[in-house]
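S.K.: Could you have a look at this structure, given as structure tokens, before my questions?
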Amino acid sequence: MLKTHSCGELRQEHGGQTVTLAGWVNRRRDMGGVLFFDLRDRNGKTQVVVNSGRSQAAFDVVSEVHREYVLQVTGEVSQRPEGQENPDLATGAIELLADEVVILNPAKTPPFLIDRDEVVDESLRLKYRYLDLRRTRLQRNLTIRHKAVKFIRDFLDERDFLEIETPILFKSTPEGARDYLVPSRVHPGKFYALPQSPQQLKQLLMVAGYERYFQIARCFRDEDLRADRQPEFTQLDMEMSFVERDDVLDLIEELMIGMVKTASIVPLAYEKFPRLSYAEAVARYGTDRPDVRFGLELVEISDLVADSAFRVFAANVAAGNPVKAICVPGCGGYSRKQLSDLESLAKEAGAKGLAWLAIHPETEEIRGPIVKFFSVKQLIGITERMEAKPGDLILISSDTELVVREVLHTLRMEMAKRLGLPKENKLAFMWVIDFPLFEETLEEGHYAPSHHMFTAPKREHIPLLDTDPHAVLSEQYDLVCNGFEVAGGSIRIWERPLQRKIMELIGFSMEEAMAQFGHLLEAFEYGAPPHGGIAPGIDRLVALMAGEPNIREVMAFPKTAQATDLMSDSPSEVAQKQLDELHIAVVGTPQVESG
Ligand code: ASP
């Protein structure tokens, strides 16, 4: 080793010892005849004092070094003079008196400072990711990630799970996104697909009798780009045999609590995860991944406005659509401009307009363009139902159920942001269960699975598949934390006739099904055990535990929101020879918007 200790290790008790450290020059200060600098490595920083009186040679070397030079320093550990200790630094009680300094490697001036937490343009950070990774923020985040994954491995190992790798070059997996395709050179015109998840393979492992499987699995989905999405991401992929829903939920709950306690810098809000049915979640929050750390819940007022003079509401209710609202405390004094901003937001979410009622903080008078259409009794009815107080603002949406949900969910999140809610950052996990088996809207005339096509309907709902498929609830469960879906899974269909029936409903012919995953259907005929699984998303969980808003902050080498790698400049063009070998011709390359 080129060093005896790390830069974060030395304490008072090492005083008098001769040690060798190696690392990067953090910052150098020249005090005339004495040079000071911090030497940094992943474990911390140590102050080095270079006194020409002690070693002229060391002084001469250090006179020439700059920020980020790689040095090896040998010297004596010394207690810092009284009053000069640095309580903010783990090694702040000591300093290293340099006797010998070797420049292991010089460095160019970095494009941003490594040792300060100042805001740096993200594209610059991504281009020089290896320098960004030297900074404490990412070191902290990757350490949390390591601890979380290690905890998961140990926890599952203790519970008799086997970690099994599955192929990256595989076949299309039906998770609903577009596949990344890999052309086969040896089979011209044929393609592998990168797995969107190891879904089929983990189910095959259950057929194979492995009973408890997990994998820290990389998944690939060629989805439409969004700010916080990555084309490749990591999930804890799991599957278990001979289990029922609650076995999976209880195990994951214990795993999450242990993981947070071991790795997280953001604490748990509580330890028993609440369970909400899908119906309740969308009714109260407008979404199936609610942030339950604050109220502002949706309240239905259809019955109160059904026969009001406001025709939009009356007509909507008559057509069977809802009128719902949220009550925002303290925003009754909003200006016309603030309200029209909210209306724009509502329109982006699909609304045709935004109705509101504001209660004056002192006079308690109710204002708003729609007030004149309501009787005093109706207005009192609404404010009472909304539990609105003087100074509050009631935002109302009326449209189809789906639009109302989306609009009020958007407004709820926006108003929480404006009110600074939640006040404290904690991790509020909850389960959403009892999902409908199919999406509410048909896709090309067929039912669309709300999870994936291997998710089992509730046993008692199987007869409804013939009469009212939309009423069928499934054995799907999602784990939600602070408004993010952090895991999704289900108890699976393991009998072939039931699988066939579901496929028919979603418009999959048996031939198509056989071509895409005949291997799985065939396997189910060789004694498939009842089984189920789940897949928590590692990136999002680590981001939440690190208090980071974006999953890029917890990935060593992420891509941009445009799915590009700014450091290696990928995706990139390839040599014609490579294309020829793959029998691929690139025809027409439409310009992609950059940014
Ligand atoms: N394969 C699913 C997913 O990636 C998870 C599961 O059903 O276990 O979302």
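FYI, nothing fancy with the structure tokens labels: chains A, B, ... in order, residues from 1 per chain, ligands from 1 as they appear.
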Could the residues that lie within 9 Å of ligand 1, counting only C-alpha atoms and all ligand atoms, be listed as a ChimeraX atom specification?
M.R.: /A:173-175,196-200,202,219,235,237-239,451-452,454-455,476-477,487-492,532-537
S.K.: List as an mmCIF file with N, CA and C atoms, in the first residue's frame the protein and nucleic acid residues near Val376 (chain A), meaning an atom at most 12 Å away when only C-alpha atoms are counted, but skip any in the same chain fewer than 4 places from it.
M.R.:
```cif
data_model
loop_
_atom_site.group_PDB
_atom_site.id
_atom_site.type_symbol
_atom_site.label_atom_id
_atom_site.label_comp_id
_atom_site.auth_asym_id
_atom_site.auth_seq_id
_atom_site.Cartn_x
_atom_site.Cartn_y
_atom_site.Cartn_z
ATOM 1 N N LEU A 304 -74.276 18.138 -3.191
ATOM 2 C CA LEU A 304 -74.606 19.494 -2.727
ATOM 3 C C LEU A 304 -74.847 20.469 -3.879
ATOM 4 N N SER A 308 -77.909 22.958 -8.298
ATOM 5 C CA SER A 308 -77.571 24.371 -8.213
ATOM 6 C C SER A 308 -77.849 25.015 -9.568
ATOM 7 N N GLU A 365 -67.052 36.504 4.200
ATOM 8 C CA GLU A 365 -67.817 36.583 2.966
ATOM 9 C C GLU A 365 -67.173 35.636 1.944
ATOM 10 N N ILE A 366 -67.996 35.000 1.134
ATOM 11 C CA ILE A 366 -67.459 34.063 0.141
ATOM 12 C C ILE A 366 -67.411 34.743 -1.215
ATOM 13 N N VAL A 371 -70.027 32.168 -7.224
ATOM 14 C CA VAL A 371 -70.815 32.336 -6.001
ATOM 15 C C VAL A 371 -72.283 32.624 -6.307
ATOM 16 N N LYS A 372 -72.486 33.478 -7.323
ATOM 17 C CA LYS A 372 -73.858 33.931 -7.614
ATOM 18 C C LYS A 372 -74.812 32.801 -8.025
ATOM 19 N N ILE A 380 -73.132 27.275 2.377
ATOM 20 C CA ILE A 380 -72.809 26.810 3.738
ATOM 21 C C ILE A 380 -72.571 25.305 3.717
ATOM 22 N N GLY A 381 -73.394 24.613 2.951
ATOM 23 C CA GLY A 381 -73.243 23.158 2.827
ATOM 24 C C GLY A 381 -71.846 22.802 2.315
ATOM 25 N N ILE A 382 -71.407 23.532 1.307
ATOM 26 C CA ILE A 382 -70.082 23.235 0.727
ATOM 27 C C ILE A 382 -68.975 23.534 1.741
ATOM 28 N N THR A 383 -69.027 24.723 2.370
ATOM 29 C CA THR A 383 -67.934 25.051 3.305
ATOM 30 C C THR A 383 -67.917 24.083 4.488
#
```
S.K.: Select, from A:Pro195, A:Ala358, A:Phe59, A:Phe233, the residue with the minimum atom-to-atom distance to Gly32 (chain A), counting only C-alpha atoms.
M.R.: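 Ranked by minimum distance to Gly32 (chain A), first place goes to A:Phe59.
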S.K.: With a distance cut-off of 12 Å and only C-alpha atoms, select the neighbouring residues of Arg540 (chain A), excluding the residue or stretch itself and same-chain residues fewer than 2 positions from it, and output the selection as a PyMOL selection string.
M.R.: chain A and resi 141+145+148+228-230+233-236+479-487+535-538+542-555
S.K.: Atoms to include: N, CA, C and O atoms. Write the selected residues as a short mmCIF file (atom, residue, chain, number, x, y, z; two decimals), in the first residue's frame.
M.R.:
```cif
data_model
loop_
_atom_site.label_atom_id
_atom_site.label_comp_id
_atom_site.auth_asym_id
_atom_site.auth_seq_id
_atom_site.Cartn_x
_atom_site.Cartn_y
_atom_site.Cartn_z
N ASN A 141 -24.16 9.67 -1.20
CA ASN A 141 -25.30 8.96 -1.81
C ASN A 141 -24.92 7.54 -2.22
O ASN A 141 -25.69 6.60 -2.03
N ARG A 145 -26.37 3.94 -0.94
CA ARG A 145 -26.81 2.91 -1.88
C ARG A 145 -26.15 1.58 -1.56
O ARG A 145 -26.80 0.53 -1.51
N ALA A 148 -27.63 0.11 1.58
CA ALA A 148 -28.99 -0.39 1.36
C ALA A 148 -28.94 -1.76 0.67
O ALA A 148 -29.61 -2.70 1.10
N ASP A 228 -37.38 12.69 -14.80
CA ASP A 228 -36.72 11.86 -13.81
C ASP A 228 -36.83 10.38 -14.15
O ASP A 228 -37.25 9.57 -13.34
N ARG A 229 -36.46 10.07 -15.37
CA ARG A 229 -36.55 8.68 -15.79
C ARG A 229 -35.19 8.28 -16.35
O ARG A 229 -34.49 9.09 -16.92
N GLN A 230 -34.85 7.03 -16.22
CA GLN A 230 -33.58 6.55 -16.76
C GLN A 230 -33.87 5.34 -17.64
O GLN A 230 -34.68 4.49 -17.26
N PHE A 233 -32.34 1.03 -15.13
CA PHE A 233 -32.48 1.27 -13.70
C PHE A 233 -32.36 -0.07 -12.97
O PHE A 233 -32.30 -1.12 -13.61
N THR A 234 -32.28 0.02 -11.66
CA THR A 234 -32.03 -1.19 -10.88
C THR A 234 -33.21 -1.49 -9.99
O THR A 234 -33.72 -0.59 -9.33
N GLN A 235 -33.63 -2.72 -9.98
CA GLN A 235 -34.67 -3.08 -9.02
C GLN A 235 -34.29 -4.33 -8.24
O GLN A 235 -33.50 -5.15 -8.69
N LEU A 236 -34.82 -4.39 -7.02
CA LEU A 236 -34.69 -5.62 -6.26
C LEU A 236 -35.82 -6.51 -6.76
O LEU A 236 -36.98 -6.30 -6.43
N LEU A 479 -46.12 -0.52 -3.33
CA LEU A 479 -45.61 0.18 -2.16
C LEU A 479 -45.34 1.62 -2.59
O LEU A 479 -44.67 1.86 -3.60
N VAL A 480 -45.90 2.55 -1.83
CA VAL A 480 -45.79 3.96 -2.18
C VAL A 480 -45.07 4.67 -1.05
O VAL A 480 -45.25 4.34 0.12
N CYS A 481 -44.21 5.62 -1.42
CA CYS A 481 -43.53 6.41 -0.38
C CYS A 481 -43.45 7.86 -0.85
O CYS A 481 -42.91 8.13 -1.93
N ASN A 482 -44.00 8.76 -0.06
CA ASN A 482 -43.92 10.21 -0.34
C ASN A 482 -44.34 10.56 -1.77
O ASN A 482 -43.72 11.41 -2.42
N GLY A 483 -45.34 9.87 -2.27
CA GLY A 483 -45.84 10.21 -3.60
C GLY A 483 -45.16 9.46 -4.74
O GLY A 483 -45.44 9.74 -5.90
N PHE A 484 -44.27 8.56 -4.42
CA PHE A 484 -43.62 7.76 -5.47
C PHE A 484 -44.02 6.30 -5.32
O PHE A 484 -44.08 5.80 -4.19
N GLU A 485 -44.23 5.63 -6.45
CA GLU A 485 -44.43 4.20 -6.39
C GLU A 485 -43.04 3.58 -6.28
O GLU A 485 -42.25 3.66 -7.21
N VAL A 486 -42.72 3.00 -5.14
CA VAL A 486 -41.37 2.47 -4.96
C VAL A 486 -41.28 0.96 -5.15
O VAL A 486 -40.18 0.41 -5.20
N ALA A 487 -42.42 0.29 -5.26
CA ALA A 487 -42.39 -1.15 -5.56
C ALA A 487 -43.75 -1.55 -6.10
O ALA A 487 -44.77 -0.96 -5.74
N ALA A 535 -41.12 -6.00 -6.95
CA ALA A 535 -39.85 -5.44 -7.41
C ALA A 535 -39.69 -3.99 -6.94
O ALA A 535 -40.13 -3.08 -7.60
N PRO A 536 -39.08 -3.81 -5.76
CA PRO A 536 -38.81 -2.44 -5.31
C PRO A 536 -37.71 -1.78 -6.17
O PRO A 536 -36.73 -2.42 -6.52
N GLY A 537 -37.92 -0.54 -6.50
CA GLY A 537 -36.96 0.21 -7.32
C GLY A 537 -35.86 0.78 -6.44
O GLY A 537 -36.10 1.59 -5.56
N ILE A 538 -34.65 0.30 -6.68
CA ILE A 538 -33.52 0.69 -5.81
C ILE A 538 -33.20 2.19 -5.97
O ILE A 538 -32.93 2.89 -4.99
N VAL A 542 -33.27 4.75 -2.83
CA VAL A 542 -32.03 5.38 -2.34
C VAL A 542 -32.15 6.90 -2.41
O VAL A 542 -31.74 7.61 -1.49
N ALA A 543 -32.75 7.40 -3.47
CA ALA A 543 -32.94 8.86 -3.59
C ALA A 543 -33.76 9.38 -2.42
O ALA A 543 -33.43 10.40 -1.81
N LEU A 544 -34.82 8.65 -2.07
CA LEU A 544 -35.65 9.08 -0.94
C LEU A 544 -34.84 9.04 0.36
O LEU A 544 -34.92 9.95 1.18
N MET A 545 -34.05 7.98 0.53
CA MET A 545 -33.28 7.84 1.77
C MET A 545 -32.17 8.88 1.86
O MET A 545 -31.72 9.23 2.95
N ALA A 546 -31.69 9.33 0.70
CA ALA A 546 -30.62 10.33 0.69
C ALA A 546 -31.19 11.75 0.67
O ALA A 546 -30.44 12.72 0.63
N GLY A 547 -32.51 11.86 0.66
CA GLY A 547 -33.13 13.18 0.61
C GLY A 547 -32.90 13.88 -0.72
O GLY A 547 -32.88 15.11 -0.79
N GLU A 548 -32.70 13.11 -1.78
CA GLU A 548 -32.44 13.68 -3.10
C GLU A 548 -33.72 13.69 -3.93
O GLU A 548 -34.47 12.73 -3.93
N PRO A 549 -33.94 14.75 -4.68
CA PRO A 549 -35.17 14.81 -5.48
C PRO A 549 -35.10 13.98 -6.75
O PRO A 549 -36.12 13.67 -7.35
N ASN A 550 -33.90 13.62 -7.17
CA ASN A 550 -33.73 13.05 -8.50
C ASN A 550 -32.90 11.77 -8.45
O ASN A 550 -31.88 11.73 -7.77
N ILE A 551 -33.32 10.75 -9.20
CA ILE A 551 -32.57 9.48 -9.13
C ILE A 551 -31.18 9.57 -9.75
O ILE A 551 -30.32 8.75 -9.48
N ARG A 552 -30.95 10.58 -10.60
CA ARG A 552 -29.60 10.74 -11.15
C ARG A 552 -28.56 10.94 -10.05
O ARG A 552 -27.40 10.60 -10.21
N GLU A 553 -29.01 11.51 -8.91
CA GLU A 553 -28.07 11.81 -7.83
C GLU A 553 -27.63 10.57 -7.07
O GLU A 553 -26.75 10.65 -6.21
N VAL A 554 -28.26 9.44 -7.33
CA VAL A 554 -27.86 8.23 -6.61
C VAL A 554 -27.35 7.15 -7.57
O VAL A 554 -27.22 5.99 -7.19
N MET A 555 -27.09 7.53 -8.81
CA MET A 555 -26.52 6.61 -9.78
C MET A 555 -25.11 7.12 -10.12
O MET A 555 -24.93 8.32 -10.31
#
```
S.K.: Restricting the calculation to only C-alpha atoms: of A:Gly353, A:Pro329, A:Pro81, A:Pro167, which residue gets closest to Ile94 (chain A)?
M.R.: A:Pro81
S.K.: Give me, as CSV, each residue of region 489-515 of chain A that comes within 8 Å of region 432-449 of chain A, together with its shortest interatomic pair and the distance in Å at one decimal, counting only C-alpha atoms, with rows ordered by chain and rising residue number.
M.R.:
```
residue,atom,partner,partner_atom,distance
A:Leu505,CA,A:Tyr447,CA,5.9
A:Ile506,CA,A:Tyr447,CA,4.7
A:Gly507,CA,A:His446,CA,5.6
```
S.K.: Write out as a PyMOL selection string the set of residues from region 162-224 of chain A that DSSP, computed on the backbone, places in strand (DSSP E or B).
M.R.: chain A and resi 162-163+170+181-183+191-193+212-220
S.K.: Would you mind reading off the distance between CA of Phe36 (chain A) and CA of Ser52 (chain A), one decimal, in Å?
M.R.: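 Separation between CA of Phe36 (chain A) and CA of Ser52 (chain A): 11.6 Å.
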S.K.: For region 65-78 of chain A, list every protein, DNA or RNA residue within 6 Å, evaluated using only C-alpha atoms, and leave out those in the same chain fewer than 3 positions away; present the list as a list in words.
M.R.: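 Contacts, with the query itself left out: Gly15, Gly16, Gln17, Thr18, Val19, Thr20, Leu21, Ala22, Gly23, Trp24, Val25, Asn26, Arg27, Val62, Ile94, Glu95, Leu96, Leu97, Ala98, Asp99, Glu100, Val101, Val102, Ile103, Leu104, Asn105, Pro106 and Ala107 of chain A.
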S.K.: Quick check, in Å to one decimal: how far apart do CA of Ala193 (chain A) and CA of Ala585 (chain A) lie?
M.R.: 18.9 Å
S.K.: Looking at only C-alpha atoms, which of A:Ser63, A:Ser172, A:Gln215, A:Ser264 is the one that sits closest to Leu541 (chain A)?
M.R.: A:Ser264
S.K.: Please provide the set of residues having any atom within 10 Å of region 254-262 of chain A, restricted to only C-alpha atoms, with same-chain residues fewer than 6 positions apart removed, written as a PyMOL selection string.
M.R.: chain A and resi 144+147-152+155-156+268+270-273+427+429+536+541-542+544-545
S.K.: With N, CA and C atoms retained, write the just-selected residues as a compact mmCIF listing (two decimals), in the first residue's frame.
M.R.:
```
# COMPACT_ATOMS: atom_id res chain seq x y z
N ILE A 144 -24.78 5.37 0.80
CA ILE A 144 -26.13 4.96 1.24
C ILE A 144 -26.62 3.82 0.35
N LYS A 147 -24.91 0.59 1.30
CA LYS A 147 -25.42 0.06 2.57
C LYS A 147 -26.80 -0.55 2.40
N ALA A 148 -27.63 0.11 1.58
CA ALA A 148 -28.99 -0.39 1.36
C ALA A 148 -28.94 -1.76 0.67
N VAL A 149 -28.14 -1.85 -0.38
CA VAL A 149 -28.08 -3.10 -1.13
C VAL A 149 -27.47 -4.21 -0.28
N LYS A 150 -26.47 -3.86 0.51
CA LYS A 150 -25.85 -4.86 1.38
C LYS A 150 -26.88 -5.35 2.41
N PHE A 151 -27.64 -4.41 2.95
CA PHE A 151 -28.67 -4.80 3.92
C PHE A 151 -29.66 -5.77 3.28
N ILE A 152 -30.08 -5.43 2.06
CA ILE A 152 -31.06 -6.27 1.35
C ILE A 152 -30.50 -7.69 1.17
N PHE A 155 -30.32 -9.50 4.54
CA PHE A 155 -31.67 -9.76 5.05
C PHE A 155 -32.28 -10.96 4.32
N LEU A 156 -32.17 -10.96 3.01
CA LEU A 156 -32.80 -12.03 2.23
C LEU A 156 -32.04 -13.34 2.37
N LEU A 268 -37.93 7.32 9.16
CA LEU A 268 -39.29 6.83 8.88
C LEU A 268 -40.32 7.72 9.56
N TYR A 270 -43.29 6.53 10.34
CA TYR A 270 -43.92 5.58 11.27
C TYR A 270 -43.50 4.20 10.82
N GLU A 271 -43.78 3.19 11.69
CA GLU A 271 -43.28 1.86 11.35
C GLU A 271 -44.33 0.91 10.79
N LYS A 272 -45.59 1.13 11.10
CA LYS A 272 -46.60 0.22 10.52
C LYS A 272 -47.13 0.87 9.25
N PHE A 273 -46.90 0.23 8.12
CA PHE A 273 -47.31 0.85 6.86
C PHE A 273 -48.83 0.75 6.69
N LEU A 427 -39.98 9.52 5.77
CA LEU A 427 -40.41 8.53 4.78
C LEU A 427 -41.73 7.92 5.20
N PHE A 429 -44.18 5.42 4.16
CA PHE A 429 -44.50 4.28 3.29
C PHE A 429 -45.96 3.89 3.46
N PRO A 536 -39.08 -3.81 -5.76
CA PRO A 536 -38.81 -2.44 -5.31
C PRO A 536 -37.71 -1.78 -6.17
N LEU A 541 -35.72 4.41 -4.13
CA LEU A 541 -35.63 4.24 -2.68
C LEU A 541 -34.38 4.91 -2.13
N VAL A 542 -33.27 4.75 -2.83
CA VAL A 542 -32.03 5.38 -2.34
C VAL A 542 -32.15 6.90 -2.41
N LEU A 544 -34.82 8.65 -2.07
CA LEU A 544 -35.65 9.08 -0.94
C LEU A 544 -34.84 9.04 0.36
N MET A 545 -34.05 7.98 0.53
CA MET A 545 -33.28 7.84 1.77
C MET A 545 -32.17 8.88 1.86
```
